[in-house]
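Chemist: Following this line is data_17.cif, made up of mmCIF, C-alpha atoms:
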```
data_input
loop_
_atom_site.label_atom_id
_atom_site.label_comp_id
_atom_site.auth_asym_id
_atom_site.auth_seq_id
_atom_site.Cartn_x
_atom_site.Cartn_y
_atom_site.Cartn_z
CA MET L 1 61.88 42.49 -217.30
CA PHE L 2 61.40 38.95 -218.26
CA ARG L 3 59.89 36.67 -215.62
CA ARG L 4 61.59 33.28 -215.26
CA PRO L 5 59.05 30.60 -215.99
CA GLU L 6 58.21 28.27 -213.13
CA LEU L 7 59.59 24.74 -213.53
CA ARG L 8 57.00 22.11 -213.06
CA GLY L 9 57.57 18.40 -212.98
CA ASP L 10 55.89 16.28 -215.55
CA ALA L 11 52.79 14.66 -214.30
CA SER L 12 53.27 10.96 -213.57
CA SER L 13 51.47 8.62 -215.85
CA PRO L 14 49.08 6.03 -214.44
CA LYS L 15 51.59 3.34 -215.48
CA ASP L 16 54.36 4.93 -213.36
CA GLU L 17 52.06 5.22 -210.38
CA ARG L 18 51.19 1.52 -210.59
CA ALA L 19 54.92 0.64 -210.72
CA LEU L 20 55.68 2.75 -207.64
CA SER L 21 52.81 1.21 -205.74
CA ARG L 22 54.23 -2.24 -206.37
CA VAL L 23 57.58 -1.43 -204.65
CA PRO L 24 56.33 -1.92 -201.06
CA ARG L 25 54.57 -5.10 -202.15
CA VAL L 26 57.81 -6.50 -203.60
CA GLY L 27 59.63 -5.71 -200.34
CA ARG L 28 56.94 -7.41 -198.28
CA LEU L 29 57.00 -10.45 -200.56
CA ARG L 30 60.80 -10.71 -200.30
CA SER L 31 60.62 -10.50 -196.51
CA ALA L 32 57.90 -13.12 -196.40
CA LEU L 33 59.95 -15.50 -198.52
CA LEU L 34 63.39 -14.95 -196.97
CA LEU L 35 62.74 -14.15 -193.32
CA PRO L 36 61.63 -17.65 -192.15
CA PRO L 37 64.56 -19.56 -193.75
CA ALA L 38 67.09 -16.91 -192.65
CA ALA L 39 65.83 -17.02 -189.07
CA GLY L 40 65.66 -20.83 -189.11
CA ALA L 41 69.19 -21.16 -190.47
CA SER L 42 70.45 -18.73 -187.80
CA ILE L 43 68.93 -20.84 -185.04
CA ALA L 44 70.25 -24.06 -186.61
CA ALA L 45 73.76 -22.57 -186.76
CA LEU L 46 73.68 -21.67 -183.07
CA ILE L 47 72.43 -25.06 -181.81
CA PRO L 48 75.72 -27.03 -182.18
CA ALA L 49 77.71 -24.28 -180.43
CA LEU L 50 75.25 -24.13 -177.54
CA SER L 51 75.14 -27.93 -177.43
CA THR L 52 78.90 -28.13 -177.07
CA ALA L 53 78.78 -25.80 -174.09
CA LEU L 54 75.87 -27.61 -172.41
CA ALA L 55 76.42 -31.20 -173.57
CA ARG L 56 77.19 -32.52 -170.08
CA HIS L 57 73.64 -31.70 -168.97
CA SER L 58 71.72 -33.77 -171.55
CA TRP L 59 72.31 -36.68 -173.89
CA VAL L 60 70.26 -34.81 -176.53
CA LEU L 61 72.65 -31.86 -176.44
CA ASP L 62 75.62 -34.22 -176.48
CA ALA L 63 74.21 -35.90 -179.60
CA LEU L 64 73.69 -32.53 -181.29
CA THR L 65 77.41 -31.72 -180.95
CA HIS L 66 78.06 -34.26 -183.71
CA PHE L 67 76.49 -31.84 -186.19
CA ARG L 68 79.00 -29.08 -185.48
CA PRO L 69 80.71 -29.38 -188.92
CA LEU L 70 77.42 -28.25 -190.47
CA ALA L 71 77.21 -25.10 -188.32
CA PRO L 72 79.60 -22.89 -190.38
CA TRP L 73 77.76 -23.69 -193.62
CA THR L 74 74.39 -23.10 -192.00
CA ALA L 75 75.65 -19.77 -190.65
CA LEU L 76 76.79 -18.71 -194.12
CA ALA L 77 73.40 -19.65 -195.59
CA ALA L 78 71.73 -17.56 -192.89
CA ALA L 79 74.13 -14.67 -193.61
CA ALA L 80 73.18 -14.77 -197.29
CA GLY L 81 69.50 -14.58 -196.37
CA TRP L 82 69.99 -11.62 -194.05
CA ALA L 83 72.13 -9.86 -196.68
CA LEU L 84 69.29 -10.16 -199.19
CA LEU L 85 67.01 -8.69 -196.55
CA ARG L 86 69.51 -5.82 -196.20
CA ARG L 87 70.33 -6.65 -192.59
CA ARG L 88 74.04 -6.17 -193.18
CA ILE L 89 75.22 -6.11 -189.56
CA LEU L 90 73.44 -9.37 -188.80
CA ALA L 91 74.84 -10.92 -191.98
CA LEU L 92 78.41 -9.87 -191.11
CA GLY L 93 77.99 -11.20 -187.59
CA LEU L 94 76.98 -14.60 -188.94
CA VAL L 95 79.97 -14.65 -191.30
CA GLY L 96 82.21 -14.01 -188.29
CA PHE L 97 80.41 -16.75 -186.38
CA ALA L 98 81.01 -19.18 -189.25
CA ILE L 99 84.74 -18.39 -189.24
CA TRP L 100 84.86 -18.91 -185.47
CA GLN L 101 83.09 -22.26 -185.83
CA TRP L 102 85.57 -23.38 -188.50
CA SER L 103 88.49 -22.46 -186.26
CA GLY L 104 87.22 -24.86 -183.59
CA ILE L 105 86.98 -27.89 -185.87
CA GLU L 106 89.98 -30.23 -185.82
CA PRO L 107 92.10 -29.84 -188.99
CA PHE L 108 92.40 -33.55 -189.75
CA ASP L 109 93.37 -32.71 -193.34
CA GLY L 110 96.65 -31.14 -192.20
CA PRO L 111 100.06 -32.80 -192.18
CA ASN L 112 100.71 -36.07 -190.38
CA PRO L 113 102.18 -34.92 -187.03
CA VAL L 114 104.27 -38.04 -186.31
CA GLU L 115 106.63 -39.58 -188.83
CA PRO L 116 107.70 -43.25 -188.70
CA ASP L 117 111.23 -44.22 -187.75
CA ARG L 118 113.07 -44.70 -191.05
CA ASP L 119 115.50 -47.11 -189.44
CA ARG L 120 112.67 -49.45 -188.45
CA PRO L 121 110.74 -51.06 -191.32
CA GLU L 122 108.33 -52.74 -188.90
CA ARG L 123 104.65 -52.29 -189.78
CA LEU L 124 101.39 -53.42 -188.23
CA ARG L 125 98.03 -53.44 -190.01
CA ILE L 126 94.82 -53.43 -187.96
CA LEU L 127 91.32 -53.85 -189.40
CA MET L 128 88.44 -52.85 -187.13
CA ALA L 129 84.79 -53.17 -188.09
CA ASN L 130 81.44 -52.86 -186.38
CA VAL L 131 79.71 -55.67 -188.27
CA TYR L 132 76.21 -54.80 -186.89
CA HIS L 133 74.97 -58.02 -185.35
CA PRO L 134 71.66 -58.37 -187.34
CA ASN L 135 73.76 -58.20 -190.54
CA ALA L 136 74.55 -61.61 -192.03
CA ASP L 137 76.93 -60.69 -194.84
CA PHE L 138 79.76 -62.89 -193.57
CA GLU L 139 81.32 -63.35 -197.00
CA ARG L 140 81.84 -59.61 -197.54
CA VAL L 141 83.65 -59.29 -194.23
CA ALA L 142 85.79 -62.35 -195.02
CA ALA L 143 86.58 -60.98 -198.49
CA LEU L 144 87.66 -57.64 -197.02
CA ILE L 145 89.96 -59.37 -194.53
CA ARG L 146 91.51 -61.53 -197.25
CA ARG L 147 92.09 -58.51 -199.49
CA GLU L 148 93.58 -56.26 -196.80
CA ARG L 149 95.67 -58.97 -195.10
CA PRO L 150 95.64 -57.37 -191.63
CA ASP L 151 97.85 -58.62 -188.82
CA ILE L 152 95.04 -57.97 -186.33
CA VAL L 153 91.26 -57.99 -186.75
CA GLY L 154 88.92 -56.36 -184.25
CA LEU L 155 85.19 -56.97 -184.72
CA VAL L 156 82.42 -55.20 -182.80
CA GLU L 157 78.79 -56.35 -182.29
CA VAL L 158 79.76 -59.99 -182.71
CA SER L 159 77.16 -62.68 -182.06
CA TYR L 160 77.31 -66.48 -182.12
CA ASP L 161 75.92 -66.29 -185.66
CA TRP L 162 78.89 -64.14 -186.66
CA ILE L 163 81.39 -66.54 -185.14
CA ASP L 164 79.76 -69.47 -186.97
CA GLY L 165 79.36 -67.54 -190.21
CA LEU L 166 83.01 -66.44 -190.34
CA GLU L 167 84.06 -69.97 -189.39
CA ARG L 168 82.25 -71.26 -192.48
CA THR L 169 84.08 -68.78 -194.72
CA GLY L 170 87.43 -70.20 -193.57
CA ILE L 171 88.81 -66.78 -192.58
CA ARG L 172 88.71 -67.41 -188.84
CA GLU L 173 91.32 -70.16 -189.00
CA GLU L 174 93.86 -67.71 -190.44
CA PHE L 175 93.97 -66.06 -186.99
CA PRO L 176 94.75 -68.78 -184.45
CA TYR L 177 95.14 -66.38 -181.51
CA ARG L 178 91.69 -65.18 -180.52
CA VAL L 179 89.54 -63.85 -177.73
CA GLU L 180 85.81 -63.77 -178.52
CA VAL L 181 82.81 -62.50 -176.56
CA PRO L 182 79.75 -63.22 -178.75
CA LEU L 183 77.15 -61.04 -177.01
CA GLY L 184 75.45 -59.45 -180.01
CA GLY L 185 75.31 -55.67 -179.60
CA GLN L 186 77.94 -55.86 -176.83
CA GLY L 187 80.00 -58.60 -178.48
CA LEU L 188 83.67 -58.40 -179.48
CA ALA L 189 86.18 -60.57 -181.31
CA LEU L 190 89.93 -59.88 -181.34
CA TRP L 191 91.95 -62.02 -183.76
CA LEU L 192 95.73 -62.04 -184.21
CA ARG L 193 97.70 -63.68 -186.99
CA GLU L 194 100.92 -63.99 -184.95
CA ALA L 195 101.34 -65.02 -181.33
CA PRO L 196 101.07 -62.01 -178.99
CA HIS L 197 103.17 -61.51 -175.91
CA ARG L 198 99.96 -61.82 -173.93
CA LEU L 199 96.27 -62.27 -174.80
CA GLU L 200 93.96 -61.54 -171.87
CA PRO L 201 90.36 -62.63 -171.25
CA ALA L 202 87.70 -59.97 -171.79
CA GLN L 203 87.24 -57.52 -168.93
CA VAL L 204 84.52 -55.15 -167.76
CA PHE L 205 85.62 -52.00 -165.93
CA SER L 206 82.31 -50.78 -164.52
CA SER L 207 79.15 -52.43 -163.20
CA THR L 208 77.16 -51.28 -166.24
CA GLY L 209 79.94 -51.42 -168.83
CA ASN L 210 80.61 -53.41 -171.98
CA PRO L 211 83.41 -55.99 -172.34
CA VAL L 212 86.91 -54.90 -173.38
CA CYS L 213 89.47 -57.07 -175.19
CA LYS L 214 93.18 -56.53 -174.71
CA ALA L 215 96.41 -57.97 -176.10
CA THR L 216 100.07 -57.13 -175.50
CA LEU L 217 102.24 -57.18 -178.62
CA ALA L 218 105.96 -57.08 -179.30
CA PHE L 219 106.23 -53.93 -181.40
CA GLY L 220 108.79 -51.20 -181.99
CA GLY L 221 111.44 -52.87 -179.85
CA GLY L 222 109.14 -53.02 -176.84
CA LEU L 223 105.64 -54.00 -175.81
CA THR L 224 102.46 -52.30 -177.01
CA THR L 225 99.00 -52.78 -175.50
CA LEU L 226 96.19 -53.11 -178.03
CA TRP L 227 92.62 -52.47 -176.83
CA LEU L 228 89.39 -53.35 -178.65
CA VAL L 229 86.48 -51.43 -177.13
CA HIS L 230 82.80 -50.62 -177.66
CA PRO L 231 81.52 -48.38 -174.84
CA PRO L 232 77.73 -48.17 -174.39
CA ASN L 233 75.72 -45.77 -176.51
CA PRO L 234 74.85 -42.63 -174.48
CA VAL L 235 71.63 -41.97 -176.43
CA GLY L 236 68.38 -42.04 -174.48
CA GLY L 237 68.34 -43.78 -171.13
CA GLY L 238 71.81 -45.22 -171.73
CA ARG L 239 73.54 -41.99 -170.73
CA GLU L 240 73.64 -42.82 -167.02
CA ARG L 241 75.59 -46.01 -167.62
CA ALA L 242 77.45 -44.99 -170.79
CA ASN L 243 79.39 -41.99 -169.54
CA PRO L 244 80.62 -43.59 -166.27
CA ASP L 245 81.77 -46.64 -168.23
CA PHE L 246 83.52 -44.42 -170.79
CA ALA L 247 85.33 -42.62 -167.97
CA ALA L 248 86.27 -45.91 -166.27
CA LEU L 249 87.71 -47.24 -169.53
CA ALA L 250 89.74 -44.05 -170.00
CA GLU L 251 91.06 -44.34 -166.45
CA GLN L 252 92.21 -47.93 -167.00
CA ILE L 253 93.97 -47.03 -170.24
CA GLY L 254 95.58 -44.02 -168.60
CA LEU L 255 96.79 -46.10 -165.66
CA ARG L 256 98.27 -48.67 -168.02
CA GLY L 257 100.41 -46.05 -169.72
CA GLY L 258 103.26 -46.85 -172.09
CA SER L 259 102.82 -47.76 -175.72
CA GLN L 260 99.14 -48.22 -176.58
CA ILE L 261 96.67 -48.51 -179.46
CA VAL L 262 92.91 -48.28 -178.90
CA VAL L 263 90.46 -49.26 -181.65
CA GLY L 264 86.70 -49.60 -181.61
CA ASP L 265 83.33 -47.98 -181.96
CA LEU L 266 83.41 -45.30 -179.25
CA ASN L 267 79.83 -44.11 -179.94
CA ARG L 268 81.10 -40.51 -179.82
CA THR L 269 82.78 -37.99 -182.10
CA GLU L 270 85.54 -35.49 -181.42
CA HIS L 271 82.89 -32.79 -180.89
CA SER L 272 81.62 -34.36 -177.67
CA PRO L 273 83.23 -33.08 -174.45
CA TYR L 274 83.34 -36.68 -173.23
CA PHE L 275 85.58 -37.58 -176.14
CA HIS L 276 87.94 -34.75 -175.16
CA ASP L 277 87.93 -36.08 -171.60
CA PHE L 278 88.87 -39.51 -172.92
CA LEU L 279 91.86 -38.16 -174.88
CA ALA L 280 93.02 -36.08 -171.91
CA THR L 281 92.85 -39.02 -169.49
CA THR L 282 94.49 -41.57 -171.80
CA ARG L 283 97.00 -39.12 -173.33
CA LEU L 284 96.41 -40.70 -176.73
CA ARG L 285 96.35 -39.10 -180.19
CA ASP L 286 93.61 -39.37 -182.78
CA SER L 287 94.93 -41.37 -185.74
CA ARG L 288 93.04 -39.23 -188.28
CA PHE L 289 95.50 -36.32 -188.19
CA GLY L 290 96.90 -36.14 -191.70
CA PHE L 291 94.22 -38.40 -193.17
CA GLY L 292 90.94 -36.47 -192.96
CA PRO L 293 87.83 -36.78 -190.77
CA GLN L 294 86.72 -40.17 -192.21
CA PRO L 295 83.08 -40.31 -191.03
CA SER L 296 82.00 -43.94 -190.70
CA TRP L 297 78.33 -43.97 -189.60
CA PRO L 298 75.62 -44.38 -190.82
CA THR L 299 76.42 -45.76 -194.26
CA TRP L 300 72.95 -44.95 -195.63
CA SER L 301 73.08 -41.23 -194.79
CA PRO L 302 74.57 -38.42 -196.93
CA TYR L 303 75.85 -36.90 -193.67
CA ARG L 304 77.97 -39.35 -191.69
CA ILE L 305 79.78 -38.94 -188.38
CA PRO L 306 83.02 -40.58 -187.17
CA LEU L 307 81.98 -43.01 -184.43
CA ASP L 308 84.71 -45.57 -185.21
CA HIS L 309 88.12 -44.60 -183.90
CA ALA L 310 91.75 -45.58 -183.60
CA LEU L 311 93.83 -43.78 -180.97
CA VAL L 312 97.58 -44.16 -180.47
CA SER L 313 100.26 -43.19 -177.97
CA PRO L 314 103.08 -40.77 -178.96
CA ASP L 315 105.55 -43.57 -179.76
CA VAL L 316 103.27 -44.92 -182.52
CA ALA L 317 103.31 -43.36 -186.00
CA VAL L 318 100.29 -43.71 -188.27
CA VAL L 319 101.49 -44.59 -191.77
CA ASP L 320 98.02 -44.88 -193.30
CA ARG L 321 94.44 -44.65 -192.10
CA ARG L 322 91.39 -45.15 -194.29
CA LEU L 323 87.83 -46.40 -194.40
CA GLY L 324 87.06 -49.74 -196.01
CA GLU L 325 84.18 -50.53 -198.33
CA SER L 326 80.69 -51.38 -197.14
CA ILE L 327 80.29 -54.79 -195.49
CA GLY L 328 76.50 -54.70 -195.14
CA SER L 329 76.75 -52.98 -191.75
CA ASP L 330 75.61 -49.47 -190.87
CA HIS L 331 79.29 -48.74 -190.09
CA LEU L 332 82.24 -48.61 -192.46
CA PRO L 333 85.37 -50.48 -191.34
CA ILE L 334 88.65 -48.71 -190.65
CA ILE L 335 92.08 -49.93 -191.76
CA LEU L 336 95.06 -48.65 -189.82
CA ASP L 337 98.77 -49.06 -190.67
CA VAL L 338 101.16 -48.12 -187.87
CA ALA L 339 104.93 -48.09 -187.34
CA PRO L 340 107.36 -47.11 -184.58
CA ALA L 341 107.61 -43.33 -184.38
CA SER L 342 110.85 -41.53 -185.10
CA ALA L 343 113.23 -41.28 -182.13
CA SER L 344 113.06 -37.46 -182.14
CA ARG L 345 109.27 -37.53 -181.88
CA LYS L 346 109.30 -40.04 -179.03
CA SER L 347 111.80 -37.96 -177.07
CA ARG L 348 109.57 -34.87 -177.36
CA ASN L 349 106.58 -36.77 -176.00
#
```
Before anything else, please render the file you have as structure tokens.
Modeler:
Amino acid sequence: MFRRPELRGDASSPKDERALSRVPRVGRLRSALLLPPAAGASIAALIPALSTALARHSWVLDALTHFRPLAPWTALAAAAGWALLRRRILALGLVGFAIWQWSGIEPFDGPNPVEPDRDRPERLRILMANVYHPNADFERVAALIRRERPDIVGLVEVSYDWIDGLERTGIREEFPYRVEVPLGGQGLALWLREAPHRLEPAQVFSSTGNPVCKATLAFGGGLTTLWLVHPPNPVGGGRERANPDFAALAEQIGLRGGSQIVVGDLNRTEHSPYFHDFLATTRLRDSRFGFGPQPSWPTWSPYRIPLDHALVSPDVAVVDRRLGESIGSDHLPIILDVAPASASRKSRN
């Protein structure tokens, strides 16, 4: 009988052994390179979500809510890192978290929810700008106003220098109906080209609050209240006076009721729970729906947040809403065109 020869594997060469010994080293090197950024991105993605839930307990957490639009992208970056580390379950979880974060961000790029009344050609253009009181570029602001031809101008952070500077440009005289509170960082100026139904002196609604300007206009076959506001900044020690003043302002607007337009630097974005409180109390609509998020501050940063707002009641349709060019301030101006809303929309609201 023939005996079957034993099969023996070929002996590994020294070169193969060196290659196999390098495999664990490559894995350790990959972990060393990818683990810190993947873990850091995971933590960074969670911070805005946790901040939103806990924002009422700290001004720092409230400020961090403004970075929520970055959370989905940070979560996806973290997911990519964990996938390369072969932590598939963790990577899939972060992808799901990113989708959940996206679902909670307002879809301002969607359709305009309120159409203008086609039987009413009436239009009103409002230009609102935080001029930043140390800024002295009066000519750029005057040039913007001349180019846009607004019916109403609302300026925030107005000082005596700003009143004098705009007077020298000749633009101030084009708006003979004015209320001005030149207090620098708390200053306001509300200018109207045509006579309003009523133009009220500036008011303060809380003991620690900022001034508020208000005018009543004939618009859409009735009267519309226009507010120019600049609530205190809640950052740092200002939180204790800022949030009560913000709530007091919302209460006054809500009590006023009827047709209303609110413009100004609110020092908050739609990601803050205090901003949601403001909308709920006033029953107003963000004018950005249909026109995009339009982040306005700070002009020098690649990542900007929308601190400058225009809010409207249901009977007001937003025809156009856009940011203006730089005026030397750290804020970009907003230009708002409004019209009476369609009768069907007003009846539903």
Chemist: Applying 12 Å and all atoms listed in the file, which residues near region 137-139 of chain L remain after dropping the ones on its own chain fewer than 2 positions away? List them as a ChimeraX atom specification.
Modeler: /L:131-135,141-146,155,158-159,161-172,326-330
Chemist: Between CA of Val114 (chain L) and CA of Asn267 (chain L), what is the distance, to one decimal in Å?
Modeler: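 The value is 26.0 Å.
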Chemist: Find the residue from L:Pro333, L:Asp265, L:Ser51, L:Gly220 that sits nearest to Pro116 (chain L); use all atoms listed in the file when measuring.
Modeler: L:Gly220
Chemist: L:Pro234, L:Gly185, L:Pro244, L:Pro176: which is nearest Phe205 (chain L), counting only C-alpha atoms?
Modeler: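 Closest candidate: L:Pro244.
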Chemist: Let me make sure I understand: among L:Ala250, L:Ala189, L:Val235, L:Leu46, which one has the smallest atom-to-atom distance to Arg68 (chain L) if we use all atoms listed in the file?
Modeler: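 The shortest atom-to-atom distance to Arg68 (chain L) comes from L:Leu46.
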Chemist: Closest to Val153 (chain L) among L:Leu54, L:Phe175, L:Arg288, L:Tyr303, using only C-alpha atoms?
Modeler: L:Phe175
Chemist: Which residues come within 9 Å of Leu61 (chain L), counting only C-alpha atoms, excluding same-chain residues fewer than 2 positions away, as a compact mmCIF listing (two decimals) with C-alpha atoms, in the frame of the given file?
Modeler:
```
# COMPACT_ATOMS: atom_id res chain seq x y z
CA ILE L 47 72.43 -25.06 -181.81
CA PRO L 48 75.72 -27.03 -182.18
CA LEU L 50 75.25 -24.13 -177.54
CA SER L 51 75.14 -27.93 -177.43
CA THR L 52 78.90 -28.13 -177.07
CA ALA L 53 78.78 -25.80 -174.09
CA LEU L 54 75.87 -27.61 -172.41
CA ALA L 55 76.42 -31.20 -173.57
CA ARG L 56 77.19 -32.52 -170.08
CA HIS L 57 73.64 -31.70 -168.97
CA SER L 58 71.72 -33.77 -171.55
CA TRP L 59 72.31 -36.68 -173.89
CA ALA L 63 74.21 -35.90 -179.60
CA LEU L 64 73.69 -32.53 -181.29
CA THR L 65 77.41 -31.72 -180.95
```
Chemist: Counting all atoms listed in the file, which of L:Gly222, L:Asp117, L:Val229, L:Ser42 gets nearest to Ala341 (chain L)?
Modeler: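 Between L:Gly222, L:Asp117, L:Val229, L:Ser42, the residue approaching Ala341 (chain L) most closely is L:Asp117.
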Chemist: Using the chain letters and numbers from this file, what does the PyMOL selection byres ((chain L and resi 202) around 10) select? Give the answer as a PyMOL selection string.
Modeler: chain L and resi 179-181+188-190+199-201+203-204+210-215+228
Chemist: Neighbouring residues of Val263 (chain L) were defined as those with any atom within 9 Å, considering only C-alpha atoms; residues of the same chain fewer than 3 positions away were excluded. Please report them as a list in words.
Modeler: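 The neighbour list is Ile126, Met128, Gly154, Leu226, Trp227, Leu228, Val229, His230, Leu266, Asp308, His309, Ala310, Leu311 and Val312 of chain L.
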Chemist: Give me the result of the PyMOL selection byres ((chain L and resi 95) around 12) on this file, residue by residue, as a list in words.
Modeler: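 Selected by the PyMOL selection byres ((chain L and resi 95) around 12) here: Ser42, Ala45, Ala71, Pro72, Trp73, Thr74, Ala75, Leu76, Ala77, Ala78, Ala79, Ala80, Gly81, Trp82, Ala83, Arg88, Ile89, Leu90, Ala91, Leu92, Gly93, Leu94, Gly96, Phe97, Ala98, Ile99, Trp100, Gln101 and Trp102 of chain L.
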Chemist: Could you pull the residues within 12 Å of Ala280 (chain L), counting all atoms listed in the file, minus those fewer than 2 positions along the same chain, as a tab-separated table (two decimals) with C-alpha atoms, in the frame of the given file?
Modeler:
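Writing done, so here's part-v8.tsv:
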```tsv
chain	number	residue	atom	x	y	z
L	247	ALA	CA	85.33	-42.62	-167.97
L	250	ALA	CA	89.74	-44.05	-170.00
L	251	GLU	CA	91.06	-44.34	-166.45
L	253	ILE	CA	93.97	-47.03	-170.24
L	254	GLY	CA	95.58	-44.02	-168.60
L	273	PRO	CA	83.23	-33.08	-174.45
L	274	TYR	CA	83.34	-36.68	-173.23
L	275	PHE	CA	85.58	-37.58	-176.14
L	276	HIS	CA	87.94	-34.75	-175.16
L	277	ASP	CA	87.93	-36.08	-171.60
L	278	PHE	CA	88.87	-39.51	-172.92
L	282	THR	CA	94.49	-41.57	-171.80
L	283	ARG	CA	97.00	-39.12	-173.33
L	284	LEU	CA	96.41	-40.70	-176.73
L	285	ARG	CA	96.35	-39.10	-180.19
L	286	ASP	CA	93.61	-39.37	-182.78
L	311	LEU	CA	93.83	-43.78	-180.97
L	313	SER	CA	100.26	-43.19	-177.97
```
Chemist: Here is a test: counting only C-alpha atoms, which residue of L:Asn130, L:Ser272, L:Thr225, L:Gln260 is nearest to His197 (chain L)?
Modeler: L:Thr225
Chemist: For CA of Glu270 (chain L) and CA of Trp297 (chain L), determine how far apart the two atoms are, in Å to one decimal place.
Modeler: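 Atom-to-atom, CA of Glu270 (chain L) to CA of Trp297 (chain L), that is 13.8 Å.
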Chemist: For CA of Thr208 (chain L) and CA of Asp245 (chain L), determine how far apart the two atoms are, in Å to one decimal place.
Modeler: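 Between CA of Thr208 (chain L) and CA of Asp245 (chain L) the gap works out to 6.8 Å.
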